[in-house]
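K.L.:
What follows is structure_36.txt, made up of compact mmCIF, C-alpha atoms:
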# COMPACT_ATOMS: atom_id res chain seq x y z
CA MET U 93 0.00 0.00 0.00
CA SER U 94 1.24 3.43 -0.89
CA GLY U 95 2.27 6.24 1.37
CA PRO U 96 0.68 9.65 0.96
CA SER U 97 0.73 10.92 -2.60
CA LYS U 98 2.94 13.83 -3.52
CA GLY U 99 2.31 16.61 -6.01
CA GLU U 100 0.77 20.03 -6.42
CA ALA U 101 -2.36 20.40 -4.29
CA ILE U 102 -4.62 21.81 -7.04
CA GLU U 103 -8.18 22.32 -5.78
CA ILE U 104 -10.82 20.25 -7.55
CA THR U 105 -13.72 22.38 -8.68
CA ASP U 106 -15.31 20.04 -11.22
CA LYS U 107 -15.46 16.30 -11.93
CA SER U 108 -13.90 16.93 -15.35
CA GLN U 109 -10.55 17.50 -13.59
CA LEU U 110 -10.69 13.92 -12.32
CA VAL U 111 -11.38 12.60 -15.82
CA ASP U 112 -8.51 14.72 -17.12
CA PHE U 113 -6.31 13.28 -14.35
CA ALA U 114 -6.87 9.75 -15.68
CA ALA U 115 -6.45 10.91 -19.27
CA SER U 116 -3.13 12.55 -18.38
CA GLY U 117 -1.73 9.02 -18.12
CA CYS U 118 -1.99 8.55 -21.90
CA LYS U 119 1.47 8.15 -23.43
CA PRO U 120 2.86 7.38 -26.87
CA ARG U 121 4.22 3.85 -27.24
CA ASP U 122 7.85 4.93 -26.96
CA LYS U 123 7.09 6.34 -23.50
CA TRP U 124 5.42 3.20 -22.13
CA ARG U 125 7.17 1.95 -19.02
CA ILE U 126 7.09 -1.02 -16.63
CA GLY U 127 6.80 -0.59 -12.86
CA THR U 128 6.99 -3.74 -10.73
CA GLU U 129 6.09 -3.99 -7.05
CA HIS U 130 6.56 -6.92 -4.72
CA GLU U 131 6.01 -7.63 -1.04
CA LYS U 132 7.69 -10.14 1.28
CA PHE U 133 7.44 -11.35 4.87
CA GLY U 134 10.32 -10.67 7.23
CA PHE U 135 11.13 -13.20 9.95
CA THR U 136 13.79 -13.92 12.54
CA LEU U 137 16.19 -16.61 11.38
CA ASP U 138 16.38 -18.32 14.76
CA THR U 139 12.70 -18.46 15.84
CA HIS U 140 10.82 -17.72 12.58
CA GLU U 141 8.78 -15.02 14.29
CA PRO U 142 7.49 -11.95 12.40
CA LEU U 143 9.50 -8.75 12.61
CA THR U 144 8.32 -6.03 14.95
CA TYR U 145 8.95 -2.41 14.01
CA GLU U 146 11.41 -1.68 16.81
CA GLY U 147 14.33 -3.66 18.17
CA PRO U 148 17.67 -4.98 16.84
CA LYS U 149 15.84 -7.43 14.54
CA GLY U 150 13.05 -5.02 13.64
CA ILE U 151 11.85 -3.34 10.49
CA GLN U 152 13.18 0.02 11.64
CA ALA U 153 16.68 -1.44 11.90
CA MET U 154 16.30 -2.96 8.43
CA LEU U 155 15.33 0.42 6.95
CA GLU U 156 18.25 2.06 8.69
CA GLY U 157 20.64 -0.64 7.46
CA LEU U 158 19.51 -0.28 3.86
CA GLN U 159 20.47 3.41 3.90
CA ARG U 160 24.10 2.35 3.34
CA PHE U 161 23.03 1.82 -0.29
CA ASP U 162 22.09 5.52 -0.65
CA TRP U 163 18.39 5.07 0.11
CA LYS U 164 16.91 8.23 1.64
CA PRO U 165 14.52 7.90 4.60
CA ASP U 166 10.93 9.14 4.69
CA PHE U 167 9.42 9.76 8.11
CA GLU U 168 6.01 9.75 9.70
CA GLY U 169 6.59 11.59 12.95
CA ASP U 170 9.83 10.18 14.35
CA ASN U 171 9.48 6.82 12.59
CA VAL U 172 11.21 5.85 9.37
CA ILE U 173 8.38 4.35 7.33
CA ALA U 174 9.87 4.30 3.81
CA LEU U 175 13.01 4.77 1.73
CA SER U 176 13.36 6.32 -1.69
CA LYS U 177 15.98 6.52 -4.44
CA GLU U 178 15.92 7.30 -8.18
CA GLY U 179 12.24 6.65 -8.77
CA CYS U 180 12.09 3.58 -6.47
CA SER U 181 10.75 3.24 -2.97
CA ILE U 182 10.83 0.70 -0.16
CA SER U 183 7.80 0.88 2.08
CA LEU U 184 5.97 -1.01 4.81
CA GLU U 185 2.74 -2.93 4.56
CA PRO U 186 0.52 -3.04 7.67
CA GLY U 187 1.97 -6.25 9.15
CA GLY U 188 5.60 -5.39 8.43
CA GLN U 189 5.73 -6.81 4.93
CA LEU U 190 8.56 -5.07 3.08
CA GLU U 191 7.60 -3.73 -0.35
CA LEU U 192 9.78 -2.63 -3.23
CA SER U 193 8.01 -0.27 -5.61
CA GLY U 194 10.32 -0.25 -8.59
CA ALA U 195 11.14 2.58 -10.94
CA ALA U 196 9.32 3.01 -14.22
CA VAL U 197 11.78 1.28 -16.57
CA GLU U 198 11.86 0.59 -20.31
CA ASN U 199 12.31 -3.17 -20.39
CA LEU U 200 12.17 -6.36 -18.39
CA HIS U 201 15.94 -6.73 -18.22
CA GLU U 202 16.04 -3.54 -16.15
CA THR U 203 13.14 -4.75 -14.01
CA CYS U 204 14.85 -8.02 -13.19
CA SER U 205 18.17 -6.30 -12.47
CA GLU U 206 16.36 -3.96 -10.10
CA VAL U 207 14.72 -6.87 -8.25
CA HIS U 208 18.03 -8.77 -8.04
CA THR U 209 19.89 -5.74 -6.65
CA HIS U 210 17.18 -5.06 -4.09
CA LEU U 211 17.03 -8.64 -2.82
CA ALA U 212 20.83 -8.77 -2.58
CA GLN U 213 20.82 -5.59 -0.47
CA VAL U 214 18.05 -6.93 1.76
CA ARG U 215 19.93 -10.20 2.17
CA GLU U 216 23.16 -8.42 3.13
CA VAL U 217 21.51 -6.33 5.82
CA GLY U 218 19.26 -9.17 6.94
CA ASP U 219 22.13 -11.62 7.42
CA GLU U 220 23.86 -9.13 9.71
CA MET U 221 20.68 -8.68 11.74
CA GLY U 222 19.67 -12.33 11.85
CA VAL U 223 16.51 -11.91 9.78
CA GLY U 224 15.32 -13.32 6.49
CA PHE U 225 12.53 -12.67 3.99
CA LEU U 226 10.01 -15.00 2.43
CA GLY U 227 7.97 -14.64 -0.77
CA LEU U 228 4.56 -16.28 -0.34
CA GLY U 229 1.03 -15.05 -0.91
CA PHE U 230 -0.08 -15.53 2.70
CA SER U 231 1.65 -15.86 6.05
CA PRO U 232 2.23 -19.60 6.50
CA LYS U 233 2.48 -19.66 10.29
CA TRP U 234 1.57 -16.56 12.28
CA THR U 235 -1.85 -15.79 13.70
CA ARG U 236 -3.33 -12.35 13.24
CA GLU U 237 -2.66 -11.65 16.93
CA GLU U 238 1.01 -12.60 16.54
CA THR U 239 1.45 -10.23 13.60
CA PRO U 240 2.65 -6.73 14.52
CA ILE U 241 1.16 -3.50 13.21
CA MET U 242 3.41 -0.89 11.65
CA PRO U 243 3.31 2.72 12.94
CA LYS U 244 1.57 4.35 9.96
CA GLY U 245 -1.53 6.41 10.57
CA ARG U 246 -3.53 5.14 7.62
CA TYR U 247 -3.21 1.56 8.83
CA GLN U 248 -4.91 2.26 12.15
CA ILE U 249 -7.82 3.86 10.30
CA MET U 250 -8.09 0.89 7.96
CA LYS U 251 -7.73 -1.57 10.86
CA ASN U 252 -10.77 -0.03 12.54
CA TYR U 253 -12.86 0.18 9.37
CA MET U 254 -12.12 -3.13 7.66
CA PRO U 255 -14.12 -5.39 10.02
CA THR U 256 -17.27 -3.36 9.26
CA ARG U 257 -17.18 -4.33 5.57
CA GLY U 258 -16.09 -7.99 5.41
CA GLN U 259 -14.59 -10.95 7.22
CA HIS U 260 -11.04 -10.96 5.85
CA GLY U 261 -9.90 -7.34 5.53
CA LEU U 262 -7.48 -7.62 8.44
CA ASP U 263 -5.97 -10.79 6.98
CA MET U 264 -5.46 -8.92 3.72
CA MET U 265 -3.70 -6.11 5.54
CA PHE U 266 -1.52 -8.06 7.94
CA ARG U 267 -0.94 -11.50 6.45
CA SER U 268 -0.84 -11.28 2.64
CA CYS U 269 1.82 -10.49 0.03
CA THR U 270 1.58 -9.90 -3.70
CA VAL U 271 3.60 -9.05 -6.80
CA GLN U 272 2.11 -6.44 -9.13
CA VAL U 273 3.01 -4.59 -12.30
CA ASN U 274 1.99 -1.12 -13.47
CA LEU U 275 1.61 -0.54 -17.20
CA ASP U 276 0.74 2.39 -19.46
CA TYR U 277 -1.94 3.08 -22.06
CA ALA U 278 -1.87 5.21 -25.20
CA SER U 279 -5.45 6.50 -25.26
CA GLU U 280 -8.85 5.98 -23.72
CA ALA U 281 -9.65 3.26 -26.26
CA ASP U 282 -6.31 1.54 -25.53
CA MET U 283 -7.02 1.76 -21.79
CA VAL U 284 -10.44 0.14 -22.26
CA LYS U 285 -9.07 -2.78 -24.26
CA LYS U 286 -6.16 -3.37 -21.89
CA PHE U 287 -8.39 -3.05 -18.83
CA ARG U 288 -10.93 -5.56 -20.15
CA THR U 289 -8.37 -8.09 -21.35
CA SER U 290 -6.25 -7.97 -18.21
CA LEU U 291 -9.23 -8.03 -15.85
CA ALA U 292 -10.64 -11.14 -17.56
CA LEU U 293 -7.24 -12.83 -17.37
CA GLN U 294 -6.42 -11.96 -13.73
CA PRO U 295 -7.66 -15.40 -12.58
CA LEU U 296 -5.09 -16.96 -14.91
CA ALA U 297 -2.37 -14.96 -13.14
CA THR U 298 -3.83 -16.11 -9.82
CA ALA U 299 -3.60 -19.73 -10.96
CA LEU U 300 -0.05 -19.50 -12.33
CA PHE U 301 1.24 -17.69 -9.24
CA ALA U 302 -0.87 -19.61 -6.65
CA ASN U 303 1.47 -19.74 -3.66
CA SER U 304 -0.48 -19.54 -0.41
CA PRO U 305 -1.72 -22.97 0.73
CA PHE U 306 -0.97 -22.61 4.47
CA THR U 307 -2.59 -20.76 7.36
CA GLU U 308 -1.23 -20.93 10.91
CA GLY U 309 0.96 -23.92 10.09
CA ARG U 310 -1.61 -26.12 8.33
CA PRO U 311 -3.02 -26.48 4.80
CA ASN U 312 -5.99 -24.14 4.41
CA GLY U 313 -7.75 -25.95 1.55
CA HIS U 314 -6.81 -23.28 -1.00
CA LEU U 315 -4.00 -22.95 -3.51
CA SER U 316 -4.28 -19.15 -3.40
CA HIS U 317 -5.55 -18.23 0.04
CA ARG U 318 -4.53 -14.64 -0.69
CA SER U 319 -7.09 -14.58 -3.51
CA PHE U 320 -9.70 -16.14 -1.21
CA ILE U 321 -9.40 -13.40 1.41
CA TRP U 322 -10.04 -10.78 -1.28
CA THR U 323 -13.47 -12.33 -1.93
CA ASP U 324 -14.72 -11.01 1.43
CA THR U 325 -12.58 -7.98 2.23
CA ASP U 326 -14.71 -4.98 1.25
CA PRO U 327 -17.25 -5.29 -1.59
CA ASP U 328 -17.25 -1.52 -2.15
CA ARG U 329 -13.66 -1.49 -3.41
CA THR U 330 -12.70 -5.01 -4.56
CA GLY U 331 -13.51 -7.63 -7.17
CA MET U 332 -13.97 -8.00 -10.91
CA ILE U 333 -15.90 -4.69 -11.38
CA PRO U 334 -18.25 -5.88 -14.18
CA PHE U 335 -18.99 -2.34 -15.45
CA VAL U 336 -15.58 -2.36 -17.17
CA PHE U 337 -17.08 -4.69 -19.79
CA GLU U 338 -20.23 -2.63 -20.36
CA ASP U 339 -20.73 -0.48 -23.44
CA GLY U 340 -19.45 3.04 -22.93
CA PHE U 341 -16.77 2.22 -20.38
CA SER U 342 -14.44 5.21 -20.19
CA PHE U 343 -12.22 7.31 -17.96
CA GLU U 344 -15.36 9.05 -16.71
CA ARG U 345 -17.08 5.78 -15.84
CA TYR U 346 -14.11 4.72 -13.69
CA VAL U 347 -14.10 8.15 -12.03
CA ASP U 348 -17.79 7.70 -11.16
CA TYR U 349 -16.97 4.31 -9.62
CA ALA U 350 -14.11 5.78 -7.59
CA LEU U 351 -16.26 8.67 -6.38
CA ASP U 352 -18.73 6.18 -4.95
CA VAL U 353 -16.13 4.09 -3.08
CA PRO U 354 -16.18 5.23 0.57
CA MET U 355 -13.11 7.08 1.75
CA TYR U 356 -10.64 6.05 4.45
CA PHE U 357 -8.75 9.23 5.25
CA VAL U 358 -7.64 12.72 4.27
CA TYR U 359 -3.95 13.55 4.74
CA ARG U 360 -3.20 17.01 6.13
CA ASP U 361 0.05 18.40 7.57
CA GLY U 362 1.56 15.00 8.28
CA THR U 363 -1.61 13.59 9.87
CA TYR U 364 -4.19 11.10 8.60
CA ILE U 365 -7.70 12.37 9.39
CA ASP U 366 -10.23 9.55 9.74
CA VAL U 367 -13.16 10.07 7.35
CA SER U 368 -13.79 6.36 6.86
CA GLY U 369 -17.07 5.55 5.16
CA GLN U 370 -17.66 9.13 4.03
CA SER U 371 -18.19 10.15 0.41
CA PHE U 372 -15.71 11.76 -1.96
CA ARG U 373 -18.73 13.15 -3.80
CA ASP U 374 -19.63 15.06 -0.64
CA PHE U 375 -16.00 16.16 -0.33
CA LEU U 376 -16.15 17.43 -3.91
CA ALA U 377 -19.22 19.50 -3.01
CA GLY U 378 -17.59 20.85 0.17
CA ASN U 379 -20.00 18.85 2.33
CA LEU U 380 -17.72 16.23 3.87
CA PRO U 381 -18.83 15.78 7.51
CA GLY U 382 -15.27 15.05 8.58
CA LEU U 383 -13.94 18.30 7.07
CA PRO U 384 -16.88 20.74 6.86
CA GLY U 385 -16.50 23.44 4.26
CA GLU U 386 -13.24 22.07 2.85
CA LYS U 387 -12.86 20.93 -0.76
CA PRO U 388 -10.42 18.27 -2.03
CA ASN U 389 -7.37 18.71 -4.18
CA LEU U 390 -5.79 16.38 -6.73
CA VAL U 391 -3.42 14.95 -4.11
CA ASP U 392 -6.48 13.93 -2.07
CA TRP U 393 -7.90 12.23 -5.16
CA ASP U 394 -4.63 10.43 -5.87
CA ASN U 395 -4.58 9.23 -2.24
CA HIS U 396 -8.18 8.03 -2.52
CA LEU U 397 -7.39 6.02 -5.66
CA THR U 398 -4.78 4.06 -3.69
CA THR U 399 -7.55 2.79 -1.38
CA LEU U 400 -9.44 1.05 -4.20
CA PHE U 401 -8.52 -2.63 -4.55
CA PRO U 402 -10.16 -4.22 -7.62
CA GLU U 403 -8.30 -6.98 -9.47
CA VAL U 404 -7.11 -4.32 -11.94
CA ARG U 405 -6.79 -0.76 -10.67
CA MET U 406 -6.47 2.45 -12.68
CA LYS U 407 -4.67 5.53 -11.51
CA ARG U 408 -2.76 7.15 -14.36
CA PHE U 409 -1.71 3.65 -15.40
CA LEU U 410 -3.16 0.17 -15.01
CA GLU U 411 -2.10 -2.01 -12.09
CA MET U 412 -2.29 -5.82 -12.34
CA ARG U 413 -3.26 -7.15 -8.89
CA GLY U 414 -4.08 -10.88 -9.22
CA ALA U 415 -0.87 -12.69 -8.22
CA ASP U 416 0.54 -14.14 -5.01
CA GLY U 417 4.02 -13.11 -3.93
CA GLY U 418 6.77 -15.56 -4.77
CA PRO U 419 10.48 -16.25 -5.32
CA TRP U 420 12.90 -14.21 -7.41
CA ARG U 421 12.25 -15.83 -10.80
CA ARG U 422 8.51 -15.37 -10.56
CA LEU U 423 8.92 -11.73 -9.54
CA CYS U 424 10.35 -11.18 -13.01
CA ALA U 425 7.81 -13.49 -14.67
CA LEU U 426 4.74 -11.45 -13.70
CA PRO U 427 5.72 -8.27 -15.58
CA ALA U 428 6.88 -10.47 -18.48
CA PHE U 429 3.45 -12.10 -18.61
CA TRP U 430 1.55 -8.82 -18.76
CA VAL U 431 4.00 -6.87 -20.93
CA GLY U 432 3.95 -9.68 -23.49
CA ILE U 433 0.16 -9.54 -23.67
CA LEU U 434 -0.53 -5.81 -23.32
CA TYR U 435 2.39 -4.03 -24.99
CA ASP U 436 2.08 -5.61 -28.44
CA ASP U 437 -1.06 -4.96 -30.52
CA THR U 438 -1.16 -8.38 -32.15
CA ALA U 439 -0.77 -10.12 -28.79
CA LEU U 440 -3.43 -7.91 -27.20
CA ASP U 441 -5.88 -8.68 -30.00
CA ALA U 442 -5.21 -12.42 -29.69
CA ALA U 443 -5.65 -12.37 -25.91
CA TRP U 444 -8.88 -10.39 -26.16
CA ASP U 445 -10.24 -12.87 -28.69
CA LEU U 446 -9.82 -15.62 -26.07
CA VAL U 447 -11.92 -13.88 -23.42
CA LYS U 448 -14.31 -11.52 -25.16
CA GLY U 449 -17.13 -14.06 -25.21
CA TRP U 450 -17.08 -14.62 -21.46
CA THR U 451 -20.04 -13.32 -19.45
CA ALA U 452 -19.82 -11.54 -16.11
CA GLU U 453 -20.99 -14.80 -14.53
CA ASP U 454 -18.21 -16.71 -16.33
CA ARG U 455 -15.55 -14.30 -15.10
CA GLN U 456 -16.79 -14.39 -11.52
CA ARG U 457 -17.06 -18.17 -11.46
CA ILE U 458 -13.53 -18.57 -12.85
CA ARG U 459 -12.16 -16.14 -10.29
CA GLU U 460 -13.75 -18.14 -7.46
CA ASP U 461 -12.73 -21.55 -8.83
CA VAL U 462 -9.03 -20.77 -9.25
CA ILE U 463 -8.72 -20.17 -5.51
CA THR U 464 -9.00 -23.92 -4.95
CA HIS U 465 -8.44 -25.52 -8.35
CA ALA U 466 -5.92 -23.18 -10.03
CA LEU U 467 -4.84 -24.75 -13.33
CA ALA U 468 -7.55 -27.44 -13.11
CA THR U 469 -10.30 -24.77 -13.29
CA ARG U 470 -12.70 -25.28 -16.19
CA MET U 471 -13.11 -22.54 -18.77
CA PRO U 472 -16.46 -21.68 -20.38
CA ASP U 473 -15.51 -23.76 -23.47
CA GLY U 474 -14.74 -26.84 -21.33
CA ARG U 475 -10.97 -26.57 -21.47
CA THR U 476 -8.89 -26.36 -18.33
CA MET U 477 -7.08 -23.27 -17.13
CA GLN U 478 -3.86 -25.17 -17.78
CA GLU U 479 -4.72 -25.42 -21.49
CA LEU U 480 -5.65 -21.74 -21.61
CA ALA U 481 -2.40 -20.88 -19.84
CA GLY U 482 -0.34 -22.59 -22.53
CA GLU U 483 -2.09 -20.60 -25.24
CA VAL U 484 -1.77 -17.28 -23.40
CA LEU U 485 1.91 -17.88 -22.67
CA ASP U 486 2.47 -18.50 -26.40
CA ILE U 487 0.77 -15.16 -27.07
CA ALA U 488 2.89 -13.42 -24.43
CA THR U 489 6.05 -14.99 -25.86
CA SER U 490 5.23 -13.66 -29.31
CA GLY U 491 4.51 -10.24 -27.87
CA LEU U 492 7.85 -10.09 -26.07
CA LYS U 493 9.76 -11.29 -29.10
CA ALA U 494 8.08 -8.63 -31.22
CA ARG U 495 9.28 -5.93 -28.80
CA LYS U 496 12.91 -6.88 -29.56
CA ARG U 497 14.27 -5.50 -26.30
CA MET U 498 17.67 -7.22 -26.05
CA ASP U 499 20.07 -7.56 -23.16
CA SER U 500 23.87 -7.38 -23.41
CA PHE U 501 23.96 -11.06 -24.49
CA GLY U 502 21.53 -10.48 -27.36
CA GLU U 503 18.59 -12.22 -25.61
CA ASP U 504 15.09 -10.82 -25.83
CA GLU U 505 12.68 -10.64 -22.90
CA SER U 506 10.77 -13.85 -23.58
CA HIS U 507 13.01 -16.05 -21.38
CA PHE U 508 11.48 -14.39 -18.31
CA LEU U 509 8.38 -16.50 -19.00
CA ASN U 510 10.26 -19.79 -18.58
CA ALA U 511 9.30 -20.13 -14.91
CA LEU U 512 5.62 -19.99 -15.89
CA LYS U 513 6.05 -22.37 -18.81
CA THR U 514 7.55 -24.91 -16.42
CA ILE U 515 4.49 -24.63 -14.16
CA VAL U 516 2.17 -25.25 -17.12
CA LYS U 517 4.26 -28.14 -18.44
CA MET U 518 4.37 -29.83 -15.03
CA LYS U 519 0.67 -29.06 -14.37
CA LYS U 520 1.69 -28.13 -10.85
CA THR U 521 1.38 -24.74 -9.19
CA PRO U 522 3.90 -23.50 -6.62
CA ALA U 523 1.27 -24.14 -3.93
CA GLU U 524 0.88 -27.78 -4.98
CA GLU U 525 4.65 -28.20 -4.95
CA MET U 526 4.80 -26.92 -1.38
CA LEU U 527 1.91 -29.11 -0.26
CA GLU U 528 3.72 -32.16 -1.62
CA ARG U 529 6.79 -31.23 0.40
CA PHE U 530 4.71 -30.49 3.50
CA HIS U 531 3.06 -33.92 3.44
CA GLY U 532 6.29 -35.63 2.33
CA VAL U 533 9.84 -34.68 3.23
CA TRP U 534 8.78 -31.90 5.64
CA LYS U 535 6.70 -34.37 7.66
CA GLU U 536 4.14 -31.59 8.20
CA GLU U 537 6.68 -29.26 9.83
CA ILE U 538 5.79 -25.80 8.48
CA ASP U 539 9.00 -24.13 9.73
CA LEU U 540 10.90 -25.74 6.85
CA VAL U 541 9.22 -23.25 4.52
CA PHE U 542 11.38 -20.54 6.08
CA THR U 543 14.60 -22.34 5.21
CA GLU U 544 13.70 -23.74 1.78
CA TYR U 545 11.77 -20.81 0.32
CA ALA U 546 13.47 -17.72 1.80
CA TYR U 547 15.17 -15.26 -0.57
Would you encode the structure as structure tokens?

P.N.:
Amino acid sequence: MSGPSKGEAIEITDKSQLVDFAASGCKPRDKWRIGTEHEKFGFTLDTHEPLTYEGPKGIQAMLEGLQRFDWKPDFEGDNVIALSKEGCSISLEPGGQLELSGAAVENLHETCSEVHTHLAQVREVGDEMGVGFLGLGFSPKWTREETPIMPKGRYQIMKNYMPTRGQHGLDMMFRSCTVQVNLDYASEADMVKKFRTSLALQPLATALFANSPFTEGRPNGHLSHRSFIWTDTDPDRTGMIPFVFEDGFSFERYVDYALDVPMYFVYRDGTYIDVSGQSFRDFLAGNLPGLPGEKPNLVDWDNHLTTLFPEVRMKRFLEMRGADGGPWRRLCALPAFWVGILYDDTALDAAWDLVKGWTAEDRQRIREDVITHALATRMPDGRTMQELAGEVLDIATSGLKARKRMDSFGEDESHFLNALKTIVKMKKTPAEEMLERFHGVWKEEIDLVFTEYAY
């Protein structure tokens, strides 16, 4: 989750400014970029406990240690809550999950280099402190009560509000991790096509990256428990948002949706003001009960957009949100998957052709089925998700090859998909691989996940 947005606090006087804000993300193809984010659980190497904020093995010490690599600290009060450098940031999720929000880069080679450098730095500091980090979609061992809360004002507001709107919002906040990618659009029409195609295919990403089969030390019955908790987190701001597929979908239609999602907070002078459940439409009219007489600015709007959590989210780019966190190779594979599909016109057309006949009921049913069945999920045409995955990966491969972005060895970007192709070939998700080990060589001892799957 983001920290407070930064920018010029231009007062909003008309809804058209919000539509223009989304439209300002339109870029020519040569300016399209790739921004990858990933989260990971920190733990003590000796006891496998979660990291508190304070203490010699705490998150604060980790953030201080990483500053040796020229990261600059960001504070909330006296607490370091983020680091920034050259378009990147390292921030804290509510339960201490450490997130890298990467720079907007031109190609996947740069993305993977960025991830590799970051994980090497984290490993260096972590080894000195006696802590490690784990890439899974859901905490495999700790209860909610055992999971610490980070000292960020927005998280306390969300912690209080979440239980009023669903059963699993606190699990989402404190015990889940994801990998995401942010991608650009050229025009409103390009945004619509990319939004529809990627939203329909998010369950495929969930299946390929399914990596969260454990809760509190035991199998939970799901392959992607992270995806399961999103099904009952907050219906106002989550899900497959069917209106994206309706005739006339546009920047304005998404703005109308966002205006109707209840707010969490307004950020003023370093403080988060709790306005949870109140309306941005009222704020726009100067009638927000929490701030009577005050009108919002574009920074307030940008902050509000970060509190929407559909499977694909639009700010001034599109954010793919369907995948569990995972190991290094799959952190590079997620942006490769989506760039291959969305950044080549022929690939985008081919991917859209696969899903354009699906109904809203089809999309919702698929999203629910992949939680438990992943690649064995049945498609509307009777095929399995595994068969669809093979076809989509072929499309993504063609799209990456067509981009012709070469590294210093003359290789294009398509090899970043190899980790996913192996999953499809073996017909076995990462979650199923871990379950086999849990019931086999681990002898149902969950702590082995911390030694075998840590970065």

K.L.:
Between CA of Phe306 (chain U) and CA of Lys233 (chain U), measure the distance and give it in Å to one decimal.

P.N.:
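Taking CA of Phe306 (chain U) as the start and CA of Lys233 (chain U) as the end point, the length is 7.4 Å.
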
K.L.:
How far is it from CA of Arg475 (chain U) to CA of Asp282 (chain U), in Å with one decimal?

P.N.:
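So the answer is 28.8 Å.
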
K.L.:
For Leu434 (chain U), find every residue with an atom within 12 Å (counting all atoms listed in the file), except residues of its own chain fewer than 6 positions away, and show them as a PyMOL selection string.

P.N.:
chain U and resi 121+124-126+273-278+282-291+293+410-412+427-428+440-444+484+487-492+495

K.L.:
Write the residues you've just listed into a file as a compact mmCIF listing (two decimals), in the frame of the given file, and include C-alpha atoms for each of them.

P.N.:
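The resulting file, out.txt, is shown below:
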# COMPACT_ATOMS: atom_id res chain seq x y z
CA ARG U 121 4.22 3.85 -27.24
CA TRP U 124 5.42 3.20 -22.13
CA ARG U 125 7.17 1.95 -19.02
CA ILE U 126 7.09 -1.02 -16.63
CA VAL U 273 3.01 -4.59 -12.30
CA ASN U 274 1.99 -1.12 -13.47
CA LEU U 275 1.61 -0.54 -17.20
CA ASP U 276 0.74 2.39 -19.46
CA TYR U 277 -1.94 3.08 -22.06
CA ALA U 278 -1.87 5.21 -25.20
CA ASP U 282 -6.31 1.54 -25.53
CA MET U 283 -7.02 1.76 -21.79
CA VAL U 284 -10.44 0.14 -22.26
CA LYS U 285 -9.07 -2.78 -24.26
CA LYS U 286 -6.16 -3.37 -21.89
CA PHE U 287 -8.39 -3.05 -18.83
CA ARG U 288 -10.93 -5.56 -20.15
CA THR U 289 -8.37 -8.09 -21.35
CA SER U 290 -6.25 -7.97 -18.21
CA LEU U 291 -9.23 -8.03 -15.85
CA LEU U 293 -7.24 -12.83 -17.37
CA LEU U 410 -3.16 0.17 -15.01
CA GLU U 411 -2.10 -2.01 -12.09
CA MET U 412 -2.29 -5.82 -12.34
CA PRO U 427 5.72 -8.27 -15.58
CA ALA U 428 6.88 -10.47 -18.48
CA LEU U 440 -3.43 -7.91 -27.20
CA ASP U 441 -5.88 -8.68 -30.00
CA ALA U 442 -5.21 -12.42 -29.69
CA ALA U 443 -5.65 -12.37 -25.91
CA TRP U 444 -8.88 -10.39 -26.16
CA VAL U 484 -1.77 -17.28 -23.40
CA ILE U 487 0.77 -15.16 -27.07
CA ALA U 488 2.89 -13.42 -24.43
CA THR U 489 6.05 -14.99 -25.86
CA SER U 490 5.23 -13.66 -29.31
CA GLY U 491 4.51 -10.24 -27.87
CA LEU U 492 7.85 -10.09 -26.07
CA ARG U 495 9.28 -5.93 -28.80

K.L.:
Excluding same-chain residues fewer than 5 positions from region 395-405 of chain U, what lies within 10 Å of it counting only C-alpha atoms, as an MDAnalysis selection string?

P.N.:
chainID U and resid 93:98 250 272 274 287:288 290:295 319 322 325:333 346:347 349:351 353:359 372 390 410:415 459

K.L.:
Quick one: everything within 8 Å of Phe230 (chain U), counting only C-alpha atoms, minus sequence neighbours fewer than 5 positions away in the same chain. Send it as a list in words.

P.N.:
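Those residues are Arg267, Ser268, Cys269, Asn303, Ser304, Pro305, Phe306, Thr307, His317, Arg318 and Asp416 of chain U.
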
K.L.:
Mind writing the picked residues with C-alpha atoms as a JSON list (two decimals), keeping the file's coordinate frame?

P.N.:
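Once written, out-v9.json looks like this:
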[["chain", "number", "residue", "atom", "x", "y", "z"],
["U", 267, "ARG", "CA", -0.94, -11.50, 6.45],
["U", 268, "SER", "CA", -0.84, -11.28, 2.64],
["U", 269, "CYS", "CA", 1.82, -10.49, 0.03],
["U", 303, "ASN", "CA", 1.47, -19.74, -3.66],
["U", 304, "SER", "CA", -0.48, -19.54, -0.41],
["U", 305, "PRO", "CA", -1.72, -22.97, 0.73],
["U", 306, "PHE", "CA", -0.97, -22.61, 4.47],
["U", 307, "THR", "CA", -2.59, -20.76, 7.36],
["U", 317, "HIS", "CA", -5.55, -18.23, 0.04],
["U", 318, "ARG", "CA", -4.53, -14.64, -0.69],
["U", 416, "ASP", "CA", 0.54, -14.14, -5.01]]

K.L.:
Could you please determine the separation between CA of His507 (chain U) and CA of Thr203 (chain U) in Å, to one decimal place?

P.N.:
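It comes out at 13.5 Å.
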
K.L.:
Using only C-alpha atoms, which residue out of U:Glu156, U:Asp366, U:Asp539, U:Asp486 lies closest to Asn510 (chain U)?

P.N.:
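The shortest atom-to-atom distance to Asn510 (chain U) comes from U:Asp486.
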
K.L.:
I'd like to know which of U:Pro388, U:Pro522, U:Pro243, U:Gly224 is closest to Ala466 (chain U), using only C-alpha atoms.

P.N.:
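Checking each candidate against Ala466 (chain U), we get U:Pro522 as the closest.
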
K.L.:
Could you name the residues that touch Leu300 (chain U) at 7 Å or less, counting only C-alpha atoms, but leaving out those on the same chain fewer than 3 positions away, as an NGL selection string?

P.N.:
:U and (296-297 or 512 or 521)

K.L.:
Would you please take region 288-292 of chain U of the structure in the block above and write C-alpha atoms to a file as a short mmCIF file (atom, residue, chain, number, x, y, z; two decimals), in the first residue's frame?

P.N.:
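To be explicit, this is the file written out as out-v4.cif:
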data_model
loop_
_atom_site.label_atom_id
_atom_site.label_comp_id
_atom_site.auth_asym_id
_atom_site.auth_seq_id
_atom_site.Cartn_x
_atom_site.Cartn_y
_atom_site.Cartn_z
CA ARG U 288 -10.93 -5.56 -20.15
CA THR U 289 -8.37 -8.09 -21.35
CA SER U 290 -6.25 -7.97 -18.21
CA LEU U 291 -9.23 -8.03 -15.85
CA ALA U 292 -10.64 -11.14 -17.56
#
